[in-house]
file coords.txt (compact mmCIF, C-alpha atoms)
# COMPACT_ATOMS: atom_id res chain seq x y z
CA MET A 209 -5.37 23.25 19.50
CA ILE A 210 -9.13 23.04 18.87
CA PRO A 211 -9.59 25.32 15.83
CA SER A 212 -11.63 28.42 16.62
CA ARG A 213 -11.49 29.54 12.98
CA PRO A 214 -10.99 27.96 9.55
CA LEU A 215 -7.40 27.03 8.77
CA SER A 216 -5.44 28.13 5.73
CA LEU A 217 -3.64 25.63 3.51
CA VAL A 218 -0.29 26.58 5.03
CA GLU A 219 -1.70 26.05 8.53
CA ILE A 220 -3.23 22.68 7.55
CA ILE A 221 0.06 21.40 6.13
CA GLY A 222 2.00 22.86 9.05
CA GLU A 223 -0.30 21.19 11.58
CA THR A 224 -0.03 17.93 9.66
CA PHE A 225 3.76 17.79 9.96
CA SER A 226 3.73 19.14 13.51
CA ILE A 227 1.27 16.51 14.75
CA SER A 228 3.05 13.75 12.80
CA VAL A 229 6.32 14.58 14.55
CA ARG A 230 4.56 14.83 17.92
CA ILE A 231 2.90 11.41 17.70
CA PHE A 232 5.78 9.69 15.89
CA PRO A 233 7.25 7.86 18.95
CA ARG A 234 3.88 6.27 19.70
CA TYR A 235 3.29 5.58 16.02
CA ALA A 236 6.67 3.81 15.79
CA LEU A 237 5.67 1.55 18.68
CA LEU A 238 2.33 0.81 17.02
CA PHE A 239 4.19 0.05 13.80
CA ALA A 240 6.33 -2.50 15.64
CA ILE A 241 3.32 -4.11 17.33
CA LEU A 242 0.80 -4.18 14.48
CA LEU A 243 2.78 -4.18 11.24
CA LEU A 244 6.16 -5.82 11.77
CA PRO A 245 4.74 -9.30 12.52
CA GLY A 246 2.73 -9.24 9.28
CA ILE A 247 5.71 -7.95 7.28
CA ALA A 248 8.00 -10.64 8.73
CA LEU A 249 5.50 -13.47 8.20
CA THR A 250 4.66 -12.38 4.66
CA THR A 251 8.33 -12.09 3.72
CA TYR A 252 9.27 -15.40 5.31
CA GLY A 253 6.33 -17.17 3.64
CA THR A 254 7.19 -15.64 0.27
CA ILE A 255 10.83 -16.72 0.57
CA ASP A 256 9.84 -20.24 1.57
CA PHE A 257 7.32 -20.36 -1.28
CA CYS A 258 9.92 -19.26 -3.83
CA GLU A 259 12.59 -21.62 -2.52
CA GLN A 260 10.29 -24.65 -2.54
CA THR A 261 8.92 -23.74 -5.97
CA ILE A 262 12.45 -23.50 -7.38
CA SER A 263 13.52 -26.71 -5.65
CA HIS A 264 10.55 -28.81 -6.78
CA THR A 265 10.60 -27.41 -10.31
CA GLN A 266 14.31 -28.01 -10.71
CA HIS A 267 14.11 -31.57 -9.36
CA ASP A 268 10.90 -32.78 -11.02
CA LEU A 269 11.55 -31.23 -14.43
CA ALA A 270 15.29 -31.99 -14.28
CA LEU A 271 16.15 -28.39 -15.11
CA THR A 272 19.73 -27.30 -15.70
CA ASP A 273 21.31 -23.88 -15.34
CA ASN A 274 20.94 -23.47 -19.10
CA ASP A 275 17.21 -24.12 -18.79
CA LEU A 276 17.05 -21.47 -16.08
CA THR A 277 18.76 -18.98 -18.38
CA VAL A 278 16.25 -19.73 -21.12
CA LEU A 279 13.34 -19.25 -18.71
CA ARG A 280 14.88 -15.98 -17.50
CA ASP A 281 15.09 -14.68 -21.07
CA GLU A 282 11.55 -15.74 -21.94
CA GLY A 283 10.17 -14.30 -18.70
CA THR A 284 11.92 -10.99 -19.29
CA VAL A 285 10.51 -10.79 -22.82
CA TRP A 286 7.06 -11.44 -21.39
CA LEU A 287 7.58 -8.63 -18.89
CA GLU A 288 8.75 -6.38 -21.72
CA THR A 289 5.41 -6.78 -23.47
CA HIS A 290 3.34 -6.32 -20.32
CA VAL A 291 5.36 -3.95 -18.09
CA ALA A 292 6.85 -0.79 -19.59
CA PHE A 293 9.62 -0.65 -16.98
CA PHE A 294 11.25 -3.80 -18.41
CA GLU A 295 11.17 -2.68 -22.03
CA GLN A 296 14.59 -1.04 -22.05
CA GLU A 297 16.11 -3.82 -19.93
CA ALA A 298 15.07 -6.48 -22.43
CA LYS A 299 16.33 -4.45 -25.39
CA LEU A 300 19.59 -3.58 -23.66
CA PHE A 301 20.51 -7.16 -22.85
CA GLY A 302 18.97 -8.70 -25.97
CA PHE A 303 16.71 -11.24 -24.30
CA GLN A 304 14.97 -13.69 -26.60
CA ASP A 305 11.93 -15.92 -26.39
CA SER A 306 12.74 -19.54 -25.54
CA THR A 307 11.47 -20.67 -28.96
CA SER A 308 14.53 -18.96 -30.47
CA HIS A 309 16.85 -21.22 -28.43
CA PRO A 310 17.41 -24.43 -30.39
CA ASP A 311 18.52 -26.27 -27.23
CA ALA A 312 15.57 -25.12 -25.10
CA ARG A 313 13.94 -28.09 -23.36
CA VAL A 314 11.27 -26.19 -21.43
CA ASN A 315 9.33 -22.94 -21.64
CA LEU A 316 7.29 -20.83 -19.25
CA HIS A 317 4.03 -22.47 -20.35
CA GLN A 318 5.32 -25.90 -19.34
CA VAL A 319 6.54 -24.59 -16.00
CA ARG A 320 3.18 -22.92 -15.32
CA GLU A 321 1.37 -26.17 -16.16
CA TYR A 322 3.63 -28.08 -13.79
CA LEU A 323 3.08 -25.61 -10.96
CA SER A 324 -0.69 -25.65 -11.51
CA ALA A 325 -0.75 -29.44 -11.35
CA ASN A 326 1.47 -29.56 -8.25
CA ALA A 327 0.24 -26.56 -6.29
CA SER A 328 -0.16 -28.68 -3.17
CA LEU A 329 3.63 -28.97 -2.90
CA VAL A 330 3.91 -25.28 -2.00
CA LEU A 331 0.54 -24.86 -0.31
CA TRP A 332 1.90 -24.33 3.20
CA PRO A 333 4.36 -21.49 2.44
CA PHE A 334 1.75 -19.89 0.18
CA ALA A 335 -0.81 -20.06 3.01
CA MET A 336 1.76 -18.55 5.38
CA ALA A 337 2.35 -15.63 3.01
CA VAL A 338 -1.40 -15.09 2.59
CA PHE A 339 -1.92 -15.18 6.36
CA GLY A 340 0.87 -12.64 6.76
CA GLY A 341 -0.86 -10.46 4.19
CA LEU A 342 -4.10 -10.63 6.17
CA LEU A 343 -2.21 -9.66 9.32
CA LEU A 344 -0.77 -6.72 7.39
CA LEU A 345 -4.24 -5.64 6.25
CA ILE A 346 -5.70 -5.80 9.75
CA GLY A 347 -2.60 -4.27 11.31
CA GLY A 348 -2.58 -1.45 8.76
CA MET A 349 -6.18 -0.60 9.56
CA GLY A 350 -5.41 -0.72 13.26
CA VAL A 351 -2.46 1.63 12.80
CA ALA A 352 -4.56 4.01 10.69
CA ALA A 353 -7.26 4.09 13.36
CA CYS A 354 -4.68 4.78 16.06
CA ILE A 355 -3.03 7.57 14.04
CA VAL A 356 -6.35 9.32 13.51
CA ASP A 357 -7.20 8.88 17.20
CA LEU A 358 -3.79 10.22 18.29
CA ALA A 359 -4.15 13.23 15.99
CA SER A 360 -7.66 13.84 17.35
CA GLN A 361 -6.28 13.75 20.88
CA VAL A 362 -3.80 16.47 19.97
CA PHE A 363 -6.56 18.61 18.44
CA GLU A 364 -8.92 18.08 21.37
CA GLU A 365 -6.14 18.66 23.91
CA ARG A 366 -6.61 15.32 25.61
CA ARG A 367 -4.13 12.49 26.01
CA GLU A 368 -4.97 8.86 26.42
CA SER A 369 -2.48 6.11 27.08
CA LEU A 370 -1.18 4.22 24.09
CA PHE A 371 -2.82 1.05 25.45
CA ALA A 372 -6.20 2.78 25.67
CA THR A 373 -5.81 4.11 22.12
CA LEU A 374 -4.87 0.67 20.80
CA ARG A 375 -7.69 -1.02 22.69
CA ALA A 376 -10.24 1.45 21.30
CA ALA A 377 -8.89 0.92 17.79
CA LEU A 378 -9.10 -2.87 17.97
CA ARG A 379 -12.36 -3.04 19.87
CA SER A 380 -14.41 -0.20 18.38
CA HIS A 381 -12.85 1.14 15.19
CA LEU A 382 -11.28 -1.82 13.41
CA TRP A 383 -14.53 -3.52 12.35
CA LYS A 384 -15.86 -0.20 11.02
CA LEU A 385 -12.76 0.28 8.89
CA LEU A 386 -13.15 -3.29 7.64
CA VAL A 387 -16.72 -2.45 6.57
CA LEU A 388 -15.48 0.61 4.67
CA TYR A 389 -12.76 -1.52 3.06
CA LEU A 390 -15.33 -4.13 2.07
CA ILE A 391 -17.42 -1.42 0.43
CA TYR A 392 -14.35 -0.30 -1.49
CA VAL A 393 -13.55 -3.88 -2.59
CA LEU A 394 -17.13 -4.44 -3.81
CA PHE A 395 -16.99 -1.16 -5.69
CA SER A 396 -13.68 -2.17 -7.30
CA LEU A 397 -15.10 -5.54 -8.35
CA PHE A 398 -18.13 -3.83 -9.85
CA ARG A 399 -15.84 -1.46 -11.78
CA GLU A 400 -13.72 -4.33 -13.13
CA VAL A 401 -16.77 -6.31 -14.25
CA LEU A 402 -18.39 -3.24 -15.81
CA PHE A 403 -15.34 -2.26 -17.82
CA GLY A 404 -14.70 -5.86 -18.78
CA VAL A 405 -18.16 -5.95 -20.36
CA LEU A 406 -17.75 -2.52 -21.98
CA ASP A 407 -14.34 -3.44 -23.38
CA ALA A 408 -15.81 -6.60 -24.90
CA VAL A 409 -18.54 -4.51 -26.55
CA SER A 410 -16.39 -1.60 -27.73
CA ALA A 411 -12.91 -0.43 -26.75
CA PRO A 412 -13.63 3.28 -27.51
CA ILE A 413 -16.79 3.20 -25.38
CA ALA A 414 -14.85 1.55 -22.56
CA ALA A 415 -12.12 4.22 -22.81
CA PHE A 416 -14.67 7.04 -22.72
CA PHE A 417 -16.52 5.68 -19.72
CA GLY A 418 -13.17 4.89 -18.11
CA SER A 419 -12.20 8.57 -18.14
CA VAL A 420 -15.62 9.56 -16.84
CA PHE A 421 -15.43 6.93 -14.11
CA PHE A 422 -11.92 8.04 -13.12
CA THR A 423 -13.09 11.64 -12.72
CA ALA A 424 -16.04 10.46 -10.64
CA GLU A 425 -13.70 8.40 -8.42
CA ILE A 426 -11.55 11.46 -7.71
CA TYR A 427 -14.66 13.47 -6.83
CA VAL A 428 -15.97 10.79 -4.49
CA ALA A 429 -12.55 10.41 -2.84
CA VAL A 430 -12.47 14.17 -2.21
CA ARG A 431 -15.96 14.15 -0.72
CA LEU A 432 -15.10 11.24 1.59
CA ILE A 433 -11.81 12.60 2.93
CA GLY A 434 -13.37 13.10 6.36
CA ALA A 435 -15.08 9.70 6.62
CA ILE A 436 -12.47 7.87 8.71
CA PRO A 437 -11.71 10.83 11.03
CA ALA A 438 -15.46 11.33 11.57
CA LEU A 439 -15.94 7.62 12.23
CA ILE A 440 -13.25 7.67 14.94
CA SER A 441 -13.59 11.17 16.41
CA GLU A 442 -17.38 11.15 16.63
CA GLU A 443 -17.58 7.38 17.23
CA ILE A 444 -20.27 6.84 14.61
CA ARG A 445 -21.02 3.93 12.29
CA PRO A 446 -19.59 3.57 8.76
CA ARG A 447 -22.73 4.72 6.94
CA ALA A 448 -23.08 7.74 9.21
CA ALA A 449 -19.39 8.55 8.73
CA LEU A 450 -19.76 8.54 4.95
CA THR A 451 -22.81 10.79 5.22
CA ARG A 452 -21.05 13.08 7.68
CA SER A 453 -18.04 13.50 5.37
CA TRP A 454 -20.32 14.17 2.41
CA ILE A 455 -22.06 16.94 4.36
CA LEU A 456 -18.84 18.49 5.69
CA THR A 457 -17.17 18.62 2.27
CA ARG A 458 -20.12 20.23 0.49
CA ALA A 459 -18.97 23.37 -1.36
CA HIS A 460 -15.33 22.59 -0.52
CA SER A 461 -14.51 20.04 -3.24
CA MET A 462 -12.08 22.16 -5.26
CA ARG A 463 -10.37 23.47 -2.15
CA ILE A 464 -9.87 19.94 -0.85
CA PHE A 465 -8.65 18.71 -4.23
CA TRP A 466 -6.01 21.41 -4.74
CA SER A 467 -4.96 21.24 -1.10
CA SER A 468 -4.49 17.49 -1.49
CA VAL A 469 -2.46 18.06 -4.66
CA ALA A 470 -0.22 20.55 -2.83
CA PHE A 471 0.18 18.16 0.09
CA GLY A 472 0.90 15.32 -2.33
CA ILE A 473 3.71 17.32 -3.95
CA ILE A 474 5.27 18.06 -0.55
CA SER A 475 4.91 14.41 0.48
CA PHE A 476 6.56 13.38 -2.79
CA LEU A 477 9.54 15.61 -1.97
CA VAL A 478 9.74 14.02 1.48
CA ALA A 479 9.60 10.60 -0.18
CA ILE A 480 12.56 11.57 -2.38
CA VAL A 481 14.61 12.40 0.72
CA VAL A 482 13.63 9.08 2.29
CA SER A 483 14.47 7.23 -0.94
CA ILE A 484 17.95 8.78 -0.94
CA PHE A 485 18.47 7.53 2.60
CA VAL A 486 17.14 4.09 1.70
CA GLY A 487 19.23 4.01 -1.45
CA VAL A 488 22.41 4.56 0.55
CA ILE A 489 21.58 1.54 2.69
CA PHE A 490 20.10 -0.90 0.17
CA GLY A 491 21.07 0.49 -3.24
CA SER A 492 24.10 -1.76 -3.68
CA VAL A 493 22.07 -4.87 -2.84
CA PHE A 494 19.59 -4.33 -5.65
CA HIS A 495 22.18 -2.97 -8.07
CA ASP A 496 24.40 -6.01 -7.64
CA ALA A 497 21.44 -8.40 -7.89
CA ARG A 498 20.25 -6.67 -11.06
CA GLN A 499 23.67 -6.93 -12.65
CA MET A 500 24.02 -10.58 -11.68
CA PHE A 501 20.49 -11.37 -12.88
CA MET A 502 21.27 -9.95 -16.29
CA LEU A 503 24.49 -11.96 -16.68
CA ARG A 504 24.54 -15.21 -18.63
CA PRO A 505 24.28 -17.94 -17.69
CA MET A 506 21.87 -18.01 -14.75
CA THR A 507 22.55 -20.57 -12.05
CA PHE A 508 20.26 -22.17 -9.50
CA ALA A 509 22.98 -21.83 -6.86
CA TRP A 510 23.11 -18.05 -7.29
CA LEU A 511 19.33 -17.70 -7.40
CA THR A 512 18.66 -19.65 -4.21
CA ALA A 513 21.51 -17.92 -2.38
CA THR A 514 20.51 -14.39 -3.42
CA LEU A 515 16.71 -14.49 -3.27
CA PRO A 516 16.25 -14.45 0.56
CA GLY A 517 18.51 -11.45 1.08
CA LEU A 518 16.88 -9.63 -1.80
CA LEU A 519 13.36 -10.15 -0.43
CA TRP A 520 14.34 -9.24 3.13
CA SER A 521 16.00 -6.08 1.82
CA GLY A 522 12.84 -5.24 -0.11
CA ALA A 523 10.73 -5.75 3.01
CA ALA A 524 13.09 -3.52 4.99
CA MET A 525 12.89 -0.78 2.35
CA ILE A 526 9.09 -0.84 2.34
CA SER A 527 9.07 -0.80 6.15
CA ILE A 528 11.24 2.32 6.25
CA PHE A 529 8.99 4.11 3.76
CA VAL A 530 5.85 3.17 5.72
CA LEU A 531 7.47 4.16 9.00
CA ALA A 532 8.60 7.53 7.64
CA LEU A 533 5.55 8.49 5.56
CA GLY A 534 2.75 6.44 7.12
CA PRO A 535 1.39 9.02 9.59
CA LEU A 536 1.31 11.93 7.14
CA PHE A 537 -1.74 11.01 5.08
CA ALA A 538 -3.95 9.96 8.02
CA VAL A 539 -2.97 13.07 9.98
CA PHE A 540 -3.60 15.29 6.94
CA ALA A 541 -7.12 13.88 6.58
CA THR A 542 -7.72 14.40 10.31
CA VAL A 543 -6.51 18.01 10.27
CA PHE A 544 -8.67 18.73 7.23
CA TYR A 545 -11.64 17.08 8.96
CA TYR A 546 -11.35 19.41 11.96
CA ASP A 547 -11.04 22.39 9.65
CA LEU A 548 -14.20 21.30 7.82
CA ARG A 549 -16.02 20.85 11.13
CA THR A 550 -15.10 24.37 12.15
CA ARG A 551 -16.30 25.74 8.82
CA HIS A 552 -19.56 23.79 8.97
CA ASP A 553 -20.41 23.70 12.69
CA GLY A 554 -18.56 26.76 13.93
CA PRO A 555 -15.91 26.70 16.69
CA LEU A 556 -15.77 23.19 18.12
CA VAL A 557 -17.18 22.75 21.61
CA TYR A 558 -17.16 19.37 23.36
CA LEU A 559 -19.87 18.64 25.90
CA ASP A 560 -17.49 16.61 28.05
CA GLU A 561 -14.83 19.31 27.99
CA SER A 562 -13.58 20.13 31.49
CA PRO A 563 -13.35 23.79 32.62
CA ASN A 564 -9.56 23.53 32.86
CA VAL A 565 -9.07 22.58 29.20
call {"tool": "encode", "arguments": {"input": "coords.txt", "output": "structure tokens"}}
result
Amino acid sequence: MIPSRPLSLVEIIGETFSISVRIFPRYALLFAILLLPGIALTTYGTIDFCEQTISHTQHDLALTDNDLTVLRDEGTVWLETHVAFFEQEAKLFGFQDSTSHPDARVNLHQVREYLSANASLVLWPFAMAVFGGLLLLIGGMGVAACIVDLASQVFEERRESLFATLRAALRSHLWKLLVLYLIYVLFSLFREVLFGVLDAVSAPIAAFFGSVFFTAEIYVAVRLIGAIPALISEEIRPRAALTRSWILTRAHSMRIFWSSVAFGIISFLVAIVVSIFVGVIFGSVFHDARQMFMLRPMTFAWLTATLPGLLWSGAAMISIFVLALGPLFAVFATVFYYDLRTRHDGPLVYLDESPNV
């Protein structure tokens, strides 16, 4: 499997799907070990947070079902003005701002003020959800490291036990991926601050530099496609991995970009197939909840009874998508990395390669 010549786009995509299928049983086990606990804890914490928020708000503000309906309408109108997806929903069902209801006793601003002043009442479930999110972040990085390592093992015609792969990921690779993630977070914060300042100075200037910055981000992402595979395969530090990827991708930017676009289109088609499967299982749950949510009046009994099942169904849907599509992108980057190594270094030879390999 070690490439002795550069790979074509068809071969790269073919190897990506072939390796993904080959490592899928081990990936599924890693998914269960590293991701499911975080998903479960985050979902449970979110449900508990929502239930306690609803309970305390209803009790302390003496809200009725009519008040809940008013808040639903006002919240949907707010979403209409901020989220394009809700625009047609609000127009279709004729939602109105709470100020247009003569019998409205509360509005969203009052509820937000109450929640801000009584945040301690829901601190524990919120902390649980945040902790679950941190577990998801760490688990996701661990899974990504393992996928790249498993794909590298296939390319290098070696096989390590799943335990050894997981141990190497948690002991050697995880902190390096966290460093790369921290660099990305700092870069994102810098971008937000920069464009916040530019937007305050001049909206047209901010829009112009925004398009320039977006193009630069795509270019940098293309040049760093091999950073994580290099970090894991060559067991180098984050800075060296970034440099290594920058060197390997030199003169291949357009090829990587269009190959990634082609792979993205294929992955999108796979995602459509997965979404059809998921829709068969969970479609009725969300359709029924949507229809009930849009009916008047809203009731606290319905909301508290429906919310847990809705959130658990959402978590299950996301889990299926991650389970089905998760390996593809990491494996694609790994396959491309080995192709770039062959193009830059020549046929790959490993010093510790045994004569029988």
call {"tool": "closest_residue", "arguments": {"input": "coords.txt", "among": "A:Ser521, A:Thr512, A:Ser216, A:Ser468", "to": "Val486 of chain A", "atoms": "all atoms listed in the file"}}
result
A:Ser521
call {"tool": "closest_residue", "arguments": {"input": "coords.txt", "among": "A:Val409, A:Leu323, A:Ala523, A:Ile227", "to": "Phe363 of chain A", "atoms": "all atoms listed in the file"}}
result
A:Ile227
call {"tool": "residues_near_point", "arguments": {"input": "coords.txt", "point": "(14.1, -5.4, -0.8)", "cutoff": "12 Å", "atoms": "all atoms listed in the file", "output": "list in words"}}
result
Ile247, Thr251, Ile255, Val486, Gly487, Ile489, Phe490, Gly491, Ser492, Val493, Phe494, His495, Ala497, Thr514, Leu515, Pro516, Gly517, Leu518, Leu519, Trp520, Ser521, Gly522, Ala523, Ala524, Met525, Ile526, Ser527, Ile528 and Phe529 of chain A
call {"tool": "closest_residue", "arguments": {"input": "coords.txt", "among": "A:Ala248, A:Leu217, A:Leu378, A:Met500", "to": "Arg463 of chain A", "atoms": "all atoms listed in the file"}}
result
A:Leu217
call {"tool": "closest_residue", "arguments": {"input": "coords.txt", "among": "A:Tyr235, A:Phe398, A:Phe403, A:Phe485", "to": "Val420 of chain A", "atoms": "only C-alpha atoms"}}
result
A:Phe403
